[in-house]
Amino acid sequence: MLLNHYDIKGNLLSHHKFNEHQTVANVVQRLLGGETIALISDAGTPGISDPGFLLVRECVRNGIEVQTLPGATAFVPALVSSGLPDERFCFEGFLPQKKGRQTRLEALRDEQRTMILYESPYRLLRLLQECAGVFGDDRQACVCREISKIHEECVRGSLAELIQHFTETEPKGEIVVVVAGAMNGEKPQKEQNKSKNKYKNV
């Protein structure tokens, strides 16, 4: 879309999770042949829960210089906007959709750092319910969606309250879920605003 807007002509190659293992070798060979190639994501930052790691790794292995430009990474503004402790956190990205999903959540049961998860709007309710089953209904969390876009919104509260909210309100857009860490086995104090508080970009 950006190239079309500025009428820039270039050779484009689709590189995504379904073909990245097949495209990496070709891209590396072209780079070794002297071409300059840019990896661009249509949303977020390449390599952060987005195809890019395999290509970067192979470039490094082949002595190809890799330069990274700072760009939009949804979890950073979501973490800051959540109001949850952000001096220490762990980024989990997308949980496995099927095998290993529950195991990953169970492994986070005693995690004391704030946890950051990515999720599809179609699976958000399932994730919140699974988190409540492992962490408890009263664990504080925040669901941020459409970061930096016109409909940006952050909904804060306990997992039980978020489940109720998104049962009544269909989630849409790109979503980041921020969950408070365990507090030495104690139930978190309800310091966050438990109402359906929404942060709007102004």
# chains A, B, ... in the order shown; residues from 1 in each chain; ligands from 1
>>> closest_atom_pairs(of="stretch 60-134 of chain A", to="stretch 151-155 of chain A", cutoff="9 Å", atoms="only C-alpha atoms", output="JSON lines")
{"residue": "A:Ala78", "atom": "CA", "partner": "A:Cys154", "partner_atom": "CA", "distance": 7.9}
{"residue": "A:Ser81", "atom": "CA", "partner": "A:Cys154", "partner_atom": "CA", "distance": 7.4}
{"residue": "A:Ser82", "atom": "CA", "partner": "A:Cys154", "partner_atom": "CA", "distance": 7.2}
>>> write_last_selection(atoms="all heavy atoms", output="mmCIF file, in the first residue's frame")
data_model
loop_
_atom_site.group_PDB
_atom_site.id
_atom_site.type_symbol
_atom_site.label_atom_id
_atom_site.label_comp_id
_atom_site.auth_asym_id
_atom_site.auth_seq_id
_atom_site.Cartn_x
_atom_site.Cartn_y
_atom_site.Cartn_z
ATOM 1 N N ALA A 78 1.135 -1.169 24.795
ATOM 2 C CA ALA A 78 0.114 -1.895 25.553
ATOM 3 C C ALA A 78 0.559 -2.080 26.997
ATOM 4 O O ALA A 78 -0.228 -1.906 27.935
ATOM 5 C CB ALA A 78 -0.161 -3.253 24.904
ATOM 6 N N SER A 81 0.357 1.331 28.777
ATOM 7 C CA SER A 81 -1.022 1.776 28.970
ATOM 8 C C SER A 81 -1.801 0.916 29.958
ATOM 9 O O SER A 81 -2.803 1.360 30.507
ATOM 10 C CB SER A 81 -1.773 1.775 27.628
ATOM 11 O OG SER A 81 -1.190 2.676 26.727
ATOM 12 N N SER A 82 -1.340 -0.309 30.191
ATOM 13 C CA SER A 82 -2.082 -1.235 31.054
ATOM 14 C C SER A 82 -2.173 -0.755 32.492
ATOM 15 O O SER A 82 -3.108 -1.087 33.213
ATOM 16 C CB SER A 82 -1.421 -2.617 31.020
ATOM 17 O OG SER A 82 -0.183 -2.613 31.729
#
>>> atom_distance(atom1="atom CA of A:Ile147", atom2="atom CA of A:Ala74")
6.2 Å
>>> select_by_dssp(residues="stretch 4-148 of chain A", states="strand (DSSP E)", output="PyMOL selection string")
chain A and resi 89-94+114-119+140-145
>>> write_last_selection(atoms="N, CA and C atoms", output="compact mmCIF listing (two decimals), in the first residue's frame")
# COMPACT_ATOMS: atom_id res chain seq x y z
N PHE A 89 9.04 -7.67 32.86
CA PHE A 89 7.92 -8.33 32.18
C PHE A 89 8.46 -9.47 31.32
N CYS A 90 7.56 -10.36 30.93
CA CYS A 90 7.95 -11.43 30.01
C CYS A 90 6.99 -11.42 28.81
N PHE A 91 7.56 -11.53 27.64
CA PHE A 91 6.80 -11.50 26.40
C PHE A 91 6.59 -12.93 25.92
N GLU A 92 5.33 -13.37 25.86
CA GLU A 92 5.02 -14.74 25.44
C GLU A 92 4.50 -14.80 24.01
N GLY A 93 4.06 -13.68 23.45
CA GLY A 93 3.55 -13.69 22.09
C GLY A 93 2.30 -14.54 21.95
N PHE A 94 2.15 -15.20 20.82
CA PHE A 94 0.99 -16.07 20.60
C PHE A 94 1.23 -17.42 21.27
N THR A 114 5.01 -9.20 34.91
CA THR A 114 3.85 -8.94 34.08
C THR A 114 4.01 -9.70 32.77
N MET A 115 2.94 -10.34 32.33
CA MET A 115 3.00 -11.19 31.13
C MET A 115 2.27 -10.53 29.96
N ILE A 116 2.86 -10.68 28.78
CA ILE A 116 2.29 -10.09 27.57
C ILE A 116 2.00 -11.18 26.56
N LEU A 117 0.76 -11.21 26.09
CA LEU A 117 0.32 -12.22 25.14
C LEU A 117 -0.32 -11.56 23.92
N TYR A 118 -0.13 -12.15 22.77
CA TYR A 118 -0.85 -11.73 21.57
C TYR A 118 -1.98 -12.72 21.33
N GLU A 119 -3.09 -12.23 20.79
CA GLU A 119 -4.19 -13.15 20.50
C GLU A 119 -5.08 -12.60 19.40
N GLN A 140 -5.55 -9.34 37.83
CA GLN A 140 -5.72 -8.12 37.05
C GLN A 140 -5.11 -8.27 35.66
N ALA A 141 -5.75 -7.67 34.68
CA ALA A 141 -5.28 -7.76 33.31
C ALA A 141 -5.77 -6.56 32.52
N CYS A 142 -5.28 -6.47 31.30
CA CYS A 142 -5.68 -5.38 30.42
C CYS A 142 -5.69 -5.91 28.98
N VAL A 143 -6.74 -5.62 28.26
CA VAL A 143 -6.83 -5.98 26.84
C VAL A 143 -6.73 -4.71 26.02
N CYS A 144 -5.67 -4.61 25.23
CA CYS A 144 -5.48 -3.45 24.35
C CYS A 144 -5.69 -3.90 22.91
N ARG A 145 -6.40 -3.10 22.16
CA ARG A 145 -6.63 -3.46 20.76
C ARG A 145 -6.42 -2.24 19.87
>>> atom_distance(atom1="atom CA of A:Lys172", atom2="atom CA of A:Arg123")
10.7 Å
>>> residues_around(residues="A:Pro51", least_positions_apart="4", cutoff="7 Å", atoms="only C-alpha atoms", output="list in words")
His16, Lys17, Pro46 and Gly47 of chain A
>>> atom_distance(atom1="atom CA of A:Leu79", atom2="atom CA of A:Val179")
9.3 Å
>>> residues_around(residues="A:Leu127", least_positions_apart="4", cutoff="12 Å", atoms="only C-alpha atoms", output="PyMOL selection string")
chain A and resi 94-98+101-102+105+117-123+131-135+141+143+159-160+162-163+166+175-179
>>> residues_around(residues="A:Ile40", least_positions_apart="4", cutoff="12 Å", atoms="only C-alpha atoms", output="compact mmCIF listing (two decimals) with N, CA and C atoms, in the first residue's frame")
# COMPACT_ATOMS: atom_id res chain seq x y z
N MET A 1 0.83 -1.21 0.00
CA MET A 1 0.00 0.00 0.00
C MET A 1 0.86 1.26 0.00
N LEU A 2 1.95 1.24 0.78
CA LEU A 2 2.82 2.40 0.85
C LEU A 2 3.52 2.63 -0.49
N LEU A 3 4.02 1.55 -1.09
CA LEU A 3 4.69 1.67 -2.38
C LEU A 3 3.72 2.18 -3.45
N LEU A 12 8.44 -7.43 -5.49
CA LEU A 12 7.95 -7.83 -4.19
C LEU A 12 7.87 -9.35 -4.09
N LEU A 13 8.25 -9.87 -2.93
CA LEU A 13 8.21 -11.30 -2.67
C LEU A 13 7.44 -11.54 -1.38
N SER A 14 6.42 -12.37 -1.44
CA SER A 14 5.63 -12.69 -0.25
C SER A 14 6.44 -13.61 0.67
N HIS A 15 6.56 -13.22 1.93
CA HIS A 15 7.34 -13.99 2.91
C HIS A 15 6.51 -14.08 4.19
N HIS A 16 5.93 -15.26 4.45
CA HIS A 16 5.04 -15.40 5.60
C HIS A 16 5.28 -16.76 6.27
N GLY A 44 3.03 -4.30 12.83
CA GLY A 44 4.00 -4.71 13.84
C GLY A 44 5.42 -4.70 13.32
N THR A 45 6.29 -5.42 14.02
CA THR A 45 7.72 -5.45 13.72
C THR A 45 8.13 -6.84 13.26
N PRO A 46 8.78 -6.98 12.09
CA PRO A 46 9.24 -8.29 11.65
C PRO A 46 10.13 -8.95 12.70
N GLY A 47 9.89 -10.22 12.95
CA GLY A 47 10.69 -10.95 13.93
C GLY A 47 10.06 -11.01 15.30
N ASP A 50 6.24 -12.41 14.23
CA ASP A 50 6.03 -12.11 12.83
C ASP A 50 7.21 -12.72 12.07
N PRO A 51 7.01 -13.30 10.89
CA PRO A 51 8.13 -13.90 10.15
C PRO A 51 9.29 -12.94 10.01
N GLY A 52 10.48 -13.44 10.17
CA GLY A 52 11.68 -12.60 10.07
C GLY A 52 12.88 -13.24 10.73
N THR A 68 18.41 -2.87 11.38
CA THR A 68 17.01 -2.86 11.85
C THR A 68 16.57 -1.44 12.13
N LEU A 69 15.46 -1.05 11.53
CA LEU A 69 14.90 0.27 11.77
C LEU A 69 13.84 0.17 12.86
N PRO A 70 13.81 1.09 13.81
CA PRO A 70 12.78 1.05 14.85
C PRO A 70 11.41 1.26 14.23
N GLY A 71 10.44 0.51 14.71
CA GLY A 71 9.10 0.63 14.15
C GLY A 71 8.05 0.32 15.19
N ALA A 72 6.85 0.11 14.73
CA ALA A 72 5.73 -0.13 15.64
C ALA A 72 5.80 -1.53 16.25
>>> decode(residues="stretch 100-186 of chain A", atoms="C-alpha atoms", output="PDB file, in the first residue's frame")
ATOM      1  CA  GLY A 100       1.122 -27.262  24.243  1.00  0.00           C
ATOM      2  CA  ARG A 101      -1.219 -24.336  24.902  1.00  0.00           C
ATOM      3  CA  GLN A 102      -2.317 -25.433  28.380  1.00  0.00           C
ATOM      4  CA  THR A 103       1.240 -26.490  29.250  1.00  0.00           C
ATOM      5  CA  ARG A 104       2.542 -23.014  28.405  1.00  0.00           C
ATOM      6  CA  LEU A 105      -0.100 -21.386  30.606  1.00  0.00           C
ATOM      7  CA  GLU A 106       0.589 -23.770  33.489  1.00  0.00           C
ATOM      8  CA  ALA A 107       4.295 -22.910  33.247  1.00  0.00           C
ATOM      9  CA  LEU A 108       3.347 -19.254  33.810  1.00  0.00           C
ATOM     10  CA  ARG A 109       1.234 -19.953  36.904  1.00  0.00           C
ATOM     11  CA  ASP A 110       3.886 -18.642  39.332  1.00  0.00           C
ATOM     12  CA  GLU A 111       5.428 -16.052  36.995  1.00  0.00           C
ATOM     13  CA  GLN A 112       5.845 -12.854  39.014  1.00  0.00           C
ATOM     14  CA  ARG A 113       6.616 -10.575  36.078  1.00  0.00           C
ATOM     15  CA  THR A 114       3.845  -8.936  34.078  1.00  0.00           C
ATOM     16  CA  MET A 115       2.995 -11.192  31.133  1.00  0.00           C
ATOM     17  CA  ILE A 116       2.295 -10.086  27.573  1.00  0.00           C
ATOM     18  CA  LEU A 117       0.320 -12.221  25.136  1.00  0.00           C
ATOM     19  CA  TYR A 118      -0.848 -11.725  21.568  1.00  0.00           C
ATOM     20  CA  GLU A 119      -4.189 -13.154  20.496  1.00  0.00           C
ATOM     21  CA  SER A 120      -6.682 -13.143  17.649  1.00  0.00           C
ATOM     22  CA  PRO A 121     -10.020 -11.452  18.415  1.00  0.00           C
ATOM     23  CA  TYR A 122     -11.685 -14.776  17.529  1.00  0.00           C
ATOM     24  CA  ARG A 123      -9.820 -16.554  20.346  1.00  0.00           C
ATOM     25  CA  LEU A 124      -9.695 -13.729  22.906  1.00  0.00           C
ATOM     26  CA  LEU A 125     -12.538 -15.019  25.084  1.00  0.00           C
ATOM     27  CA  ARG A 126     -11.016 -18.490  25.098  1.00  0.00           C
ATOM     28  CA  LEU A 127      -7.663 -17.054  26.193  1.00  0.00           C
ATOM     29  CA  LEU A 128      -9.196 -14.968  28.986  1.00  0.00           C
ATOM     30  CA  GLN A 129     -11.120 -17.993  30.250  1.00  0.00           C
ATOM     31  CA  GLU A 130      -8.005 -20.163  30.155  1.00  0.00           C
ATOM     32  CA  CYS A 131      -6.012 -17.508  32.021  1.00  0.00           C
ATOM     33  CA  ALA A 132      -8.752 -17.243  34.652  1.00  0.00           C
ATOM     34  CA  GLY A 133      -8.648 -21.017  35.085  1.00  0.00           C
ATOM     35  CA  VAL A 134      -4.898 -20.977  35.710  1.00  0.00           C
ATOM     36  CA  PHE A 135      -4.319 -17.598  37.401  1.00  0.00           C
ATOM     37  CA  GLY A 136      -7.676 -17.061  39.106  1.00  0.00           C
ATOM     38  CA  ASP A 137     -10.686 -14.893  38.245  1.00  0.00           C
ATOM     39  CA  ASP A 138      -9.417 -11.912  40.212  1.00  0.00           C
ATOM     40  CA  ARG A 139      -6.022 -11.617  38.501  1.00  0.00           C
ATOM     41  CA  GLN A 140      -5.724  -8.124  37.047  1.00  0.00           C
ATOM     42  CA  ALA A 141      -5.278  -7.765  33.308  1.00  0.00           C
ATOM     43  CA  CYS A 142      -5.683  -5.378  30.419  1.00  0.00           C
ATOM     44  CA  VAL A 143      -6.830  -5.984  26.845  1.00  0.00           C
ATOM     45  CA  CYS A 144      -5.479  -3.454  24.353  1.00  0.00           C
ATOM     46  CA  ARG A 145      -6.635  -3.460  20.760  1.00  0.00           C
ATOM     47  CA  GLU A 146      -5.870  -1.484  17.611  1.00  0.00           C
ATOM     48  CA  ILE A 147      -2.768   0.150  19.130  1.00  0.00           C
ATOM     49  CA  SER A 148      -1.941   3.478  17.386  1.00  0.00           C
ATOM     50  CA  LYS A 149      -5.059   3.243  15.185  1.00  0.00           C
ATOM     51  CA  ILE A 150      -8.221   5.325  15.200  1.00  0.00           C
ATOM     52  CA  HIS A 151     -10.193   2.820  17.299  1.00  0.00           C
ATOM     53  CA  GLU A 152      -7.449   2.224  19.897  1.00  0.00           C
ATOM     54  CA  GLU A 153      -8.885   0.987  23.182  1.00  0.00           C
ATOM     55  CA  CYS A 154      -7.640  -0.484  26.471  1.00  0.00           C
ATOM     56  CA  VAL A 155     -10.047  -2.310  28.754  1.00  0.00           C
ATOM     57  CA  ARG A 156      -8.746  -2.976  32.276  1.00  0.00           C
ATOM     58  CA  GLY A 157     -10.026  -5.073  35.159  1.00  0.00           C
ATOM     59  CA  SER A 158      -9.968  -8.552  36.630  1.00  0.00           C
ATOM     60  CA  LEU A 159     -10.007 -11.513  34.270  1.00  0.00           C
ATOM     61  CA  ALA A 160     -13.607 -12.182  35.333  1.00  0.00           C
ATOM     62  CA  GLU A 161     -14.606  -8.623  34.433  1.00  0.00           C
ATOM     63  CA  LEU A 162     -12.810  -8.781  31.095  1.00  0.00           C
ATOM     64  CA  ILE A 163     -14.551 -12.063  30.280  1.00  0.00           C
ATOM     65  CA  GLN A 164     -17.911 -10.457  31.018  1.00  0.00           C
ATOM     66  CA  HIS A 165     -17.064  -7.377  28.975  1.00  0.00           C
ATOM     67  CA  PHE A 166     -15.948  -9.259  25.874  1.00  0.00           C
ATOM     68  CA  THR A 167     -18.866 -11.664  26.167  1.00  0.00           C
ATOM     69  CA  GLU A 168     -21.144  -8.650  25.835  1.00  0.00           C
ATOM     70  CA  THR A 169     -18.912  -6.731  23.388  1.00  0.00           C
ATOM     71  CA  GLU A 170     -17.442  -8.544  20.406  1.00  0.00           C
ATOM     72  CA  PRO A 171     -13.660  -7.987  20.257  1.00  0.00           C
ATOM     73  CA  LYS A 172     -12.246  -6.693  16.987  1.00  0.00           C
ATOM     74  CA  GLY A 173      -8.836  -5.780  15.614  1.00  0.00           C
ATOM     75  CA  GLU A 174      -5.289  -6.630  16.644  1.00  0.00           C
ATOM     76  CA  ILE A 175      -5.121  -7.513  20.325  1.00  0.00           C
ATOM     77  CA  VAL A 176      -2.504  -7.501  23.083  1.00  0.00           C
ATOM     78  CA  VAL A 177      -3.344  -9.013  26.473  1.00  0.00           C
ATOM     79  CA  VAL A 178      -1.316  -7.866  29.486  1.00  0.00           C
ATOM     80  CA  VAL A 179      -1.698  -9.972  32.643  1.00  0.00           C
ATOM     81  CA  ALA A 180      -0.384  -9.123  36.118  1.00  0.00           C
ATOM     82  CA  GLY A 181       2.180 -11.507  37.533  1.00  0.00           C
ATOM     83  CA  ALA A 182       1.731 -13.619  40.645  1.00  0.00           C
ATOM     84  CA  MET A 183       2.428 -11.896  43.936  1.00  0.00           C
ATOM     85  CA  ASN A 184       4.212 -14.551  45.985  1.00  0.00           C
ATOM     86  CA  GLY A 185       1.143 -16.769  45.924  1.00  0.00           C
ATOM     87  CA  GLU A 186      -1.125 -13.995  47.203  1.00  0.00           C
TER      88      GLU A 186
END
